file run.txt (compact mmCIF, N, CA and C atoms)
# COMPACT_ATOMS: atom_id res chain seq x y z
N MET P 523 112.13 114.07 39.28
CA MET P 523 113.03 113.47 40.26
C MET P 523 112.91 111.95 40.16
N SER P 524 114.01 111.29 40.11
CA SER P 524 114.00 109.84 39.96
C SER P 524 113.74 109.16 41.31
N TRP P 525 113.39 107.88 41.25
CA TRP P 525 113.15 107.12 42.48
C TRP P 525 114.42 106.98 43.31
N LEU P 526 115.54 106.85 42.64
CA LEU P 526 116.81 106.74 43.36
C LEU P 526 117.10 108.02 44.15
N ALA P 527 116.85 109.16 43.53
CA ALA P 527 117.05 110.43 44.22
C ALA P 527 116.08 110.56 45.39
N PHE P 528 114.84 110.14 45.17
CA PHE P 528 113.86 110.19 46.26
C PHE P 528 114.30 109.33 47.44
N LEU P 529 114.74 108.11 47.18
CA LEU P 529 115.19 107.22 48.24
C LEU P 529 116.45 107.75 48.92
N LEU P 530 117.33 108.35 48.13
CA LEU P 530 118.56 108.90 48.67
C LEU P 530 118.26 110.05 49.64
N LEU P 531 117.25 110.85 49.32
CA LEU P 531 116.88 111.96 50.19
C LEU P 531 115.96 111.54 51.33
N ALA P 532 115.16 110.52 51.11
CA ALA P 532 114.24 110.07 52.16
C ALA P 532 114.96 109.31 53.27
N GLY P 533 116.07 108.68 52.95
CA GLY P 533 116.81 107.90 53.94
C GLY P 533 117.21 108.69 55.17
N PRO P 534 117.90 109.83 55.02
CA PRO P 534 118.28 110.59 56.21
C PRO P 534 117.08 111.10 57.00
N VAL P 535 116.00 111.43 56.30
CA VAL P 535 114.80 111.91 57.00
C VAL P 535 114.20 110.79 57.84
N LEU P 536 114.09 109.60 57.26
CA LEU P 536 113.54 108.47 58.02
C LEU P 536 114.45 108.07 59.18
N LEU P 537 115.75 108.12 58.96
CA LEU P 537 116.70 107.82 60.03
C LEU P 537 116.62 108.88 61.13
N ALA P 538 116.40 110.14 60.76
CA ALA P 538 116.25 111.20 61.75
C ALA P 538 114.99 110.99 62.59
N ILE P 539 113.91 110.56 61.97
CA ILE P 539 112.68 110.28 62.71
C ILE P 539 112.90 109.13 63.68
N ALA P 540 113.59 108.09 63.22
CA ALA P 540 113.90 106.96 64.11
C ALA P 540 114.81 107.40 65.25
N SER P 541 115.76 108.28 64.96
CA SER P 541 116.67 108.77 66.00
C SER P 541 115.93 109.60 67.04
N ILE P 542 115.01 110.43 66.61
CA ILE P 542 114.21 111.23 67.55
C ILE P 542 113.36 110.32 68.42
N ALA P 543 112.75 109.31 67.82
CA ALA P 543 111.94 108.36 68.59
C ALA P 543 112.80 107.62 69.62
N PHE P 544 114.00 107.19 69.21
CA PHE P 544 114.90 106.49 70.13
C PHE P 544 115.37 107.42 71.24
N SER P 545 115.65 108.69 70.91
CA SER P 545 116.04 109.67 71.92
C SER P 545 114.92 109.91 72.93
N LEU P 546 113.69 109.97 72.44
CA LEU P 546 112.55 110.13 73.35
C LEU P 546 112.42 108.94 74.29
N TYR P 547 112.66 107.74 73.75
CA TYR P 547 112.64 106.54 74.58
C TYR P 547 113.74 106.61 75.64
N LEU P 548 114.96 106.97 75.22
CA LEU P 548 116.06 107.07 76.19
C LEU P 548 115.75 108.12 77.25
N ARG P 549 115.22 109.25 76.84
CA ARG P 549 114.90 110.31 77.80
C ARG P 549 113.84 109.85 78.79
N HIS P 550 112.84 109.18 78.29
CA HIS P 550 111.72 108.77 79.15
C HIS P 550 112.10 107.63 80.09
N ARG P 551 112.86 106.65 79.59
CA ARG P 551 113.14 105.44 80.37
C ARG P 551 114.47 105.44 81.12
N HIS P 552 115.49 106.10 80.57
CA HIS P 552 116.85 105.92 81.10
C HIS P 552 117.56 107.20 81.53
N LEU P 553 116.94 108.37 81.37
CA LEU P 553 117.65 109.61 81.68
C LEU P 553 118.03 109.70 83.15
N ASP P 554 117.15 109.29 84.03
CA ASP P 554 117.47 109.36 85.47
C ASP P 554 118.67 108.49 85.81
N ALA P 555 118.75 107.30 85.22
CA ALA P 555 119.90 106.41 85.47
C ALA P 555 121.18 107.02 84.90
N MET P 556 121.09 107.67 83.75
CA MET P 556 122.27 108.31 83.16
C MET P 556 122.76 109.46 84.03
N LEU P 557 121.83 110.28 84.50
CA LEU P 557 122.20 111.41 85.34
C LEU P 557 122.80 110.93 86.66
N GLU P 558 122.27 109.86 87.20
CA GLU P 558 122.82 109.29 88.44
C GLU P 558 124.22 108.74 88.21
N ALA P 559 124.44 108.10 87.06
CA ALA P 559 125.75 107.52 86.76
C ALA P 559 126.80 108.60 86.51
N LEU P 560 126.36 109.78 86.07
CA LEU P 560 127.28 110.87 85.77
C LEU P 560 127.20 111.99 86.81
N LYS P 561 126.93 111.63 88.05
CA LYS P 561 126.67 112.63 89.09
C LYS P 561 127.88 113.49 89.44
N HIS P 562 129.12 113.05 89.15
CA HIS P 562 130.30 113.85 89.46
C HIS P 562 130.74 114.73 88.29
N SER P 563 130.10 114.59 87.16
CA SER P 563 130.50 115.31 85.96
C SER P 563 129.94 116.73 85.96
N ARG P 564 130.79 117.68 85.61
CA ARG P 564 130.42 119.09 85.67
C ARG P 564 129.27 119.42 84.72
N TYR P 565 129.32 118.91 83.49
CA TYR P 565 128.28 119.23 82.52
C TYR P 565 126.90 118.78 83.01
N VAL P 566 126.83 117.57 83.50
CA VAL P 566 125.55 117.03 83.97
C VAL P 566 125.09 117.79 85.22
N HIS P 567 126.03 118.15 86.07
CA HIS P 567 125.69 118.90 87.28
C HIS P 567 125.10 120.26 86.93
N LEU P 568 125.68 120.93 85.92
CA LEU P 568 125.20 122.26 85.53
C LEU P 568 123.93 122.22 84.68
N TRP P 569 123.91 121.36 83.67
CA TRP P 569 122.83 121.39 82.70
C TRP P 569 121.76 120.32 82.89
N GLY P 570 122.04 119.27 83.62
CA GLY P 570 121.08 118.19 83.80
C GLY P 570 119.74 118.65 84.34
N PRO P 571 119.72 119.39 85.46
CA PRO P 571 118.44 119.84 86.00
C PRO P 571 117.72 120.83 85.09
N ALA P 572 118.47 121.68 84.40
CA ALA P 572 117.85 122.70 83.56
C ALA P 572 117.22 122.09 82.31
N LEU P 573 117.92 121.14 81.67
CA LEU P 573 117.41 120.55 80.44
C LEU P 573 116.48 119.38 80.73
N GLY P 574 116.96 118.48 81.57
CA GLY P 574 116.20 117.34 82.07
C GLY P 574 115.16 116.77 81.15
N LYS P 575 113.94 116.73 81.62
CA LYS P 575 112.85 116.11 80.87
C LYS P 575 111.94 117.15 80.23
N HIS P 576 112.49 118.32 79.94
CA HIS P 576 111.69 119.40 79.37
C HIS P 576 111.82 119.45 77.86
N GLY P 577 110.96 118.75 77.17
CA GLY P 577 110.85 118.82 75.72
C GLY P 577 112.15 118.64 74.97
N PHE P 578 112.47 119.63 74.14
CA PHE P 578 113.63 119.57 73.27
C PHE P 578 114.94 119.56 74.05
N GLY P 579 114.96 120.19 75.20
CA GLY P 579 116.17 120.20 76.03
C GLY P 579 116.60 118.81 76.45
N GLY P 580 115.65 117.95 76.73
CA GLY P 580 115.96 116.57 77.09
C GLY P 580 116.62 115.82 75.95
N LEU P 581 116.18 116.11 74.72
CA LEU P 581 116.79 115.47 73.55
C LEU P 581 118.22 115.97 73.35
N LEU P 582 118.45 117.26 73.59
CA LEU P 582 119.81 117.80 73.51
C LEU P 582 120.71 117.17 74.56
N LEU P 583 120.16 116.99 75.76
CA LEU P 583 120.93 116.38 76.84
C LEU P 583 121.31 114.93 76.50
N ILE P 584 120.38 114.18 75.93
CA ILE P 584 120.66 112.80 75.52
C ILE P 584 121.76 112.78 74.46
N ALA P 585 121.67 113.68 73.47
CA ALA P 585 122.69 113.72 72.42
C ALA P 585 124.06 114.08 73.01
N LYS P 586 124.10 115.02 73.94
CA LYS P 586 125.37 115.41 74.56
C LYS P 586 125.95 114.27 75.40
N ILE P 587 125.11 113.61 76.17
CA ILE P 587 125.58 112.48 76.97
C ILE P 587 126.09 111.37 76.07
N ALA P 588 125.39 111.12 74.96
CA ALA P 588 125.85 110.10 74.01
C ALA P 588 127.23 110.43 73.47
N GLY P 589 127.46 111.70 73.15
CA GLY P 589 128.77 112.11 72.68
C GLY P 589 129.84 111.99 73.75
N MET P 590 129.51 112.36 74.97
CA MET P 590 130.48 112.28 76.06
C MET P 590 130.84 110.84 76.39
N VAL P 591 129.88 109.94 76.34
CA VAL P 591 130.13 108.54 76.70
C VAL P 591 130.86 107.80 75.58
N THR P 592 130.53 108.10 74.33
CA THR P 592 131.18 107.38 73.23
C THR P 592 132.58 107.92 72.93
N MET P 593 132.83 109.18 73.24
CA MET P 593 134.15 109.78 73.04
C MET P 593 134.58 110.49 74.32
N PRO P 594 134.90 109.74 75.36
CA PRO P 594 135.11 110.36 76.68
C PRO P 594 136.39 111.17 76.82
N ARG P 595 137.42 110.88 76.04
CA ARG P 595 138.70 111.60 76.21
C ARG P 595 138.55 113.11 76.06
N ALA P 596 137.85 113.52 75.03
CA ALA P 596 137.68 114.96 74.80
C ALA P 596 136.89 115.60 75.94
N SER P 597 135.85 114.93 76.39
CA SER P 597 135.02 115.48 77.47
C SER P 597 135.78 115.51 78.80
N ILE P 598 136.62 114.52 79.04
CA ILE P 598 137.44 114.52 80.25
C ILE P 598 138.47 115.63 80.18
N ARG P 599 139.08 115.79 79.02
CA ARG P 599 140.12 116.80 78.84
C ARG P 599 139.60 118.22 79.09
N ILE P 600 138.39 118.52 78.64
CA ILE P 600 137.86 119.87 78.83
C ILE P 600 137.11 120.02 80.14
N GLY P 601 137.04 118.95 80.92
CA GLY P 601 136.47 119.04 82.26
C GLY P 601 134.98 118.84 82.37
N GLU P 602 134.33 118.39 81.33
CA GLU P 602 132.90 118.15 81.39
C GLU P 602 132.55 116.82 82.03
N LEU P 603 133.45 115.85 81.91
CA LEU P 603 133.18 114.48 82.35
C LEU P 603 134.22 114.06 83.38
N HIS P 604 133.76 113.48 84.45
CA HIS P 604 134.66 112.98 85.50
C HIS P 604 135.10 111.57 85.12
N PRO P 605 136.41 111.27 85.19
CA PRO P 605 136.90 109.94 84.79
C PRO P 605 136.27 108.79 85.57
N GLU P 606 135.97 109.01 86.83
CA GLU P 606 135.34 107.96 87.64
C GLU P 606 133.94 107.63 87.13
N ASP P 607 133.23 108.64 86.66
CA ASP P 607 131.87 108.41 86.15
C ASP P 607 131.88 107.53 84.91
N ILE P 608 132.81 107.78 84.00
CA ILE P 608 132.84 106.98 82.77
C ILE P 608 133.30 105.56 83.07
N LYS P 609 134.18 105.40 84.06
CA LYS P 609 134.65 104.07 84.43
C LYS P 609 133.51 103.23 85.02
N ASN P 610 132.63 103.87 85.78
CA ASN P 610 131.53 103.17 86.44
C ASN P 610 130.21 103.26 85.68
N PHE P 611 130.22 103.78 84.46
CA PHE P 611 128.98 103.93 83.69
C PHE P 611 128.43 102.56 83.33
N PRO P 612 127.12 102.34 83.54
CA PRO P 612 126.53 101.02 83.27
C PRO P 612 126.68 100.61 81.80
N PRO P 613 127.14 99.38 81.56
CA PRO P 613 127.37 98.92 80.17
C PRO P 613 126.11 98.93 79.30
N TYR P 614 124.95 98.62 79.88
CA TYR P 614 123.74 98.60 79.06
C TYR P 614 123.38 100.01 78.59
N LEU P 615 123.63 101.01 79.41
CA LEU P 615 123.37 102.39 78.99
C LEU P 615 124.40 102.83 77.95
N LYS P 616 125.64 102.40 78.11
CA LYS P 616 126.68 102.74 77.15
C LYS P 616 126.32 102.16 75.78
N ARG P 617 125.80 100.95 75.76
CA ARG P 617 125.40 100.30 74.51
C ARG P 617 124.26 101.10 73.84
N LEU P 618 123.28 101.52 74.62
CA LEU P 618 122.17 102.29 74.07
C LEU P 618 122.64 103.64 73.53
N LEU P 619 123.56 104.27 74.24
CA LEU P 619 124.08 105.57 73.79
C LEU P 619 124.95 105.42 72.55
N LYS P 620 125.65 104.31 72.41
CA LYS P 620 126.43 104.07 71.19
C LYS P 620 125.50 103.92 69.99
N ILE P 621 124.37 103.26 70.20
CA ILE P 621 123.38 103.14 69.12
C ILE P 621 122.90 104.53 68.70
N GLU P 622 122.62 105.38 69.68
CA GLU P 622 122.17 106.74 69.39
C GLU P 622 123.25 107.53 68.64
N ALA P 623 124.51 107.41 69.08
CA ALA P 623 125.60 108.13 68.42
C ALA P 623 125.79 107.65 66.98
N VAL P 624 125.68 106.35 66.75
CA VAL P 624 125.82 105.82 65.39
C VAL P 624 124.68 106.31 64.51
N MET P 625 123.48 106.39 65.06
CA MET P 625 122.35 106.90 64.28
C MET P 625 122.59 108.37 63.90
N LEU P 626 123.06 109.18 64.85
CA LEU P 626 123.31 110.59 64.57
C LEU P 626 124.42 110.76 63.53
N ALA P 627 125.47 109.98 63.64
CA ALA P 627 126.55 110.04 62.66
C ALA P 627 126.06 109.57 61.29
N GLY P 628 125.24 108.53 61.27
CA GLY P 628 124.68 108.03 60.02
C GLY P 628 123.82 109.07 59.31
N ILE P 629 123.05 109.82 60.08
CA ILE P 629 122.23 110.88 59.50
C ILE P 629 123.13 111.92 58.83
N ALA P 630 124.18 112.31 59.54
CA ALA P 630 125.08 113.33 59.00
C ALA P 630 125.79 112.85 57.74
N VAL P 631 126.35 111.65 57.78
CA VAL P 631 127.08 111.13 56.63
C VAL P 631 126.16 110.93 55.44
N TRP P 632 125.02 110.29 55.67
CA TRP P 632 124.08 110.04 54.59
C TRP P 632 123.56 111.36 54.01
N GLY P 633 123.31 112.33 54.88
CA GLY P 633 122.85 113.63 54.41
C GLY P 633 123.88 114.34 53.55
N PHE P 634 125.15 114.31 53.96
CA PHE P 634 126.21 114.93 53.16
C PHE P 634 126.38 114.23 51.82
N ILE P 635 126.31 112.92 51.82
CA ILE P 635 126.44 112.18 50.56
C ILE P 635 125.26 112.50 49.64
N ALA P 636 124.05 112.51 50.20
CA ALA P 636 122.87 112.82 49.39
C ALA P 636 122.96 114.23 48.83
N TYR P 637 123.39 115.17 49.65
CA TYR P 637 123.52 116.55 49.18
C TYR P 637 124.56 116.64 48.06
N GLY P 638 125.70 115.99 48.25
CA GLY P 638 126.74 116.01 47.22
C GLY P 638 126.28 115.40 45.91
N LEU P 639 125.57 114.28 45.98
CA LEU P 639 125.09 113.64 44.77
C LEU P 639 124.00 114.47 44.08
N MET P 640 123.18 115.15 44.85
CA MET P 640 122.14 116.00 44.27
C MET P 640 122.77 117.22 43.58
N ARG P 641 123.88 117.70 44.13
CA ARG P 641 124.56 118.85 43.52
C ARG P 641 125.20 118.47 42.19
N LEU P 642 125.54 117.21 42.03
CA LEU P 642 126.16 116.74 40.79
C LEU P 642 125.18 116.68 39.62
N GLU P 643 123.90 116.56 39.93
CA GLU P 643 122.90 116.44 38.86
C GLU P 643 122.71 117.71 38.11
call {"tool": "encode", "arguments": {"input": "run.txt", "output": "structure tokens"}}
result
Amino acid sequence: MSWLAFLLLAGPVLLAIASIAFSLYLRHRHLDAMLEALKHSRYVHLWGPALGKHGFGGLLLIAKIAGMVTMPRASIRIGELHPEDIKNFPPYLKRLLKIEAVMLAGIAVWGFIAYGLMRLE
């Protein structure tokens, strides 16, 4: 295996580790503020207490909230997100969730590219 292939495959793994660490930080420091800001939203009302700060469930909740905040139209359309909540969502939390969403998308894109290039060899 060449060094280029190793770096190509190690990139998504390292980015995934960084994303998990950032998600743990968001869960530990900002989850209560996010849940409070989204208090009228059906998804948070149903799943927030169940997933909350319990291990892997908290990370899933952070990823879902990041998706809902960065792409609110779809979540509003299916009834998971209340329009008033997204309008009043704190900008600093929105910025942090956008960082998380970009990291998750980067992992997926980089992983697909790495897989495709490895299949070509």
call {"tool": "closest_residue", "arguments": {"input": "run.txt", "among": "P:Gly533, P:Pro613, P:Gly570, P:Gly601", "to": "P:Glu558", "atoms": "only C-alpha atoms"}}
result
P:Gly570
call {"tool": "closest_residue", "arguments": {"input": "run.txt", "among": "P:Leu619, P:Leu568, P:Ala540, P:Val631", "to": "P:Val591", "atoms": "all atoms listed in the file"}}
result
P:Leu619
call {"tool": "closest_residue", "arguments": {"input": "run.txt", "among": "P:Leu536, P:Ile608, P:Leu531, P:Leu548", "to": "P:Ser563", "atoms": "only C-alpha atoms"}}
result
P:Ile608
call {"tool": "select_by_dssp", "arguments": {"input": "run.txt", "residues": "stretch 552-610 of chain P", "states": "alpha helix (DSSP H)", "output": "ChimeraX atom specification"}}
result
/P:552-559,564-573,578-592,594-599,605-609
call {"tool": "atom_distance", "arguments": {"input": "run.txt", "atom1": "atom CA of P:Tyr637", "atom2": "atom CA of P:Ala532"}}
result
11.7 Å
call {"tool": "atom_distance", "arguments": {"input": "run.txt", "atom1": "atom CA of P:Ile584", "atom2": "atom CA of P:Trp632"}}
result
21.4 Å
call {"tool": "residues_around", "arguments": {"input": "run.txt", "residues": "P:Asp554", "least_positions_apart": "4", "cutoff": "12 Å", "atoms": "only C-alpha atoms", "output": "list in words"}}
result
Leu548, Arg549, His550, Glu558, Ala559, Leu560, Lys561, Val566, Gly570, Pro571, Gly574, Lys575, Gly580, Leu583, Ile584 and Leu615 of chain P
call {"tool": "atom_distance", "arguments": {"input": "run.txt", "atom1": "atom CA of P:His576", "atom2": "atom CA of P:Leu618"}}
result
20.8 Å
call {"tool": "closest_residue", "arguments": {"input": "run.txt", "among": "P:Met556, P:Trp525, P:Glu606, P:Leu530", "to": "P:Ile635", "atoms": "only C-alpha atoms"}}
result
P:Leu530
call {"tool": "residues_around", "arguments": {"input": "run.txt", "residues": "P:Leu537", "least_positions_apart": "6", "cutoff": "9 Å", "atoms": "only C-alpha atoms", "output": "ChimeraX atom specification"}}
result
/P:625-626,628-629
call {"tool": "residues_around", "arguments": {"input": "run.txt", "residues": "P:His604", "least_positions_apart": "4", "cutoff": "6.5 Å", "atoms": "only N, CA and C atoms", "output": "ChimeraX atom specification"}}
result
/P:562-564,597-598,608-609
call {"tool": "closest_residue", "arguments": {"input": "run.txt", "among": "P:Ile587, P:Leu582, P:Ile539, P:Ala630", "to": "P:Phe611", "atoms": "only C-alpha atoms"}}
result
P:Ile587
call {"tool": "axis_aligned_box", "arguments": {"input": "run.txt", "around": "stretch 593-600 of chain P", "padding_each_side": "3 Å", "output": "JSON"}}
result
{"center_x": 136.5, "center_y": 114.6, "center_z": 76.6, "size_x": 13.3, "size_y": 16.8, "size_z": 13.2}
call {"tool": "residues_around", "arguments": {"input": "run.txt", "residues": "P:Lys616", "least_positions_apart": "4", "cutoff": "9 Å", "atoms": "only C-alpha atoms", "output": "MDAnalysis selection string"}}
result
chainID P and resid 588 591:592 611:612 620:621
call {"tool": "decode", "arguments": {"input": "run.txt", "residues": "stretch 527-593 of chain P", "atoms": "C-alpha atoms", "output": "mmCIF file, in the first residue's frame"}}
result
data_model
loop_
_atom_site.group_PDB
_atom_site.id
_atom_site.type_symbol
_atom_site.label_atom_id
_atom_site.label_comp_id
_atom_site.auth_asym_id
_atom_site.auth_seq_id
_atom_site.Cartn_x
_atom_site.Cartn_y
_atom_site.Cartn_z
ATOM 1 C CA ALA P 527 -3.378 5.432 -0.311
ATOM 2 C CA PHE P 528 -2.663 5.353 3.406
ATOM 3 C CA LEU P 529 -3.229 9.113 3.743
ATOM 4 C CA LEU P 530 -6.331 8.914 1.574
ATOM 5 C CA LEU P 531 -7.824 6.274 3.875
ATOM 6 C CA ALA P 532 -6.568 7.780 7.131
ATOM 7 C CA GLY P 533 -8.146 11.178 6.416
ATOM 8 C CA PRO P 534 -11.785 10.168 6.907
ATOM 9 C CA VAL P 535 -10.881 8.176 10.013
ATOM 10 C CA LEU P 536 -9.073 11.126 11.592
ATOM 11 C CA LEU P 537 -11.900 13.477 10.625
ATOM 12 C CA ALA P 538 -14.404 11.038 12.165
ATOM 13 C CA ILE P 539 -12.437 11.015 15.424
ATOM 14 C CA ALA P 540 -12.401 14.823 15.432
ATOM 15 C CA SER P 541 -16.140 14.870 14.700
ATOM 16 C CA ILE P 542 -16.886 12.507 17.588
ATOM 17 C CA ALA P 543 -14.778 14.632 19.932
ATOM 18 C CA PHE P 544 -16.574 17.801 18.772
ATOM 19 C CA SER P 545 -19.969 16.090 19.189
ATOM 20 C CA LEU P 546 -19.037 15.071 22.732
ATOM 21 C CA TYR P 547 -18.085 18.675 23.448
ATOM 22 C CA LEU P 548 -21.394 19.941 22.031
ATOM 23 C CA ARG P 549 -23.340 17.347 24.013
ATOM 24 C CA HIS P 550 -21.542 18.147 27.245
ATOM 25 C CA ARG P 551 -21.510 21.956 26.991
ATOM 26 C CA HIS P 552 -24.402 23.035 24.762
ATOM 27 C CA LEU P 553 -27.079 20.314 24.608
ATOM 28 C CA ASP P 554 -29.250 21.880 27.313
ATOM 29 C CA ALA P 555 -29.229 25.238 25.488
ATOM 30 C CA MET P 556 -30.112 23.511 22.203
ATOM 31 C CA LEU P 557 -32.995 21.612 23.766
ATOM 32 C CA GLU P 558 -34.269 24.804 25.385
ATOM 33 C CA ALA P 559 -34.061 26.683 22.071
ATOM 34 C CA LEU P 560 -36.001 23.906 20.315
ATOM 35 C CA LYS P 561 -38.625 23.416 23.031
ATOM 36 C CA HIS P 562 -41.613 23.697 20.629
ATOM 37 C CA SER P 563 -40.237 21.188 18.128
ATOM 38 C CA ARG P 564 -41.886 17.772 18.032
ATOM 39 C CA TYR P 565 -38.686 15.772 17.480
ATOM 40 C CA VAL P 566 -36.903 17.323 20.443
ATOM 41 C CA HIS P 567 -40.012 16.987 22.607
ATOM 42 C CA LEU P 568 -40.277 13.256 21.822
ATOM 43 C CA TRP P 569 -36.656 12.174 21.636
ATOM 44 C CA GLY P 570 -34.721 14.788 23.634
ATOM 45 C CA PRO P 571 -35.370 13.305 27.085
ATOM 46 C CA ALA P 572 -34.892 9.717 25.897
ATOM 47 C CA LEU P 573 -31.585 10.279 24.082
ATOM 48 C CA GLY P 574 -30.309 13.267 26.039
ATOM 49 C CA LYS P 575 -26.957 12.789 27.669
ATOM 50 C CA HIS P 576 -26.949 8.996 27.554
ATOM 51 C CA GLY P 577 -23.851 7.857 25.686
ATOM 52 C CA PHE P 578 -24.315 7.206 21.992
ATOM 53 C CA GLY P 579 -27.885 8.524 21.998
ATOM 54 C CA GLY P 580 -26.636 12.004 22.830
ATOM 55 C CA LEU P 581 -24.329 11.913 19.807
ATOM 56 C CA LEU P 582 -27.245 10.872 17.585
ATOM 57 C CA LEU P 583 -29.321 13.713 19.000
ATOM 58 C CA ILE P 584 -26.544 16.237 18.264
ATOM 59 C CA ALA P 585 -26.242 14.951 14.681
ATOM 60 C CA LYS P 586 -30.021 15.163 14.183
ATOM 61 C CA ILE P 587 -30.222 18.674 15.623
ATOM 62 C CA ALA P 588 -27.311 19.726 13.391
ATOM 63 C CA GLY P 589 -29.204 18.444 10.368
ATOM 64 C CA MET P 590 -32.438 20.123 11.402
ATOM 65 C CA VAL P 591 -30.781 23.483 12.048
ATOM 66 C CA THR P 592 -28.632 23.546 8.909
ATOM 67 C CA MET P 593 -31.458 22.369 6.619
#
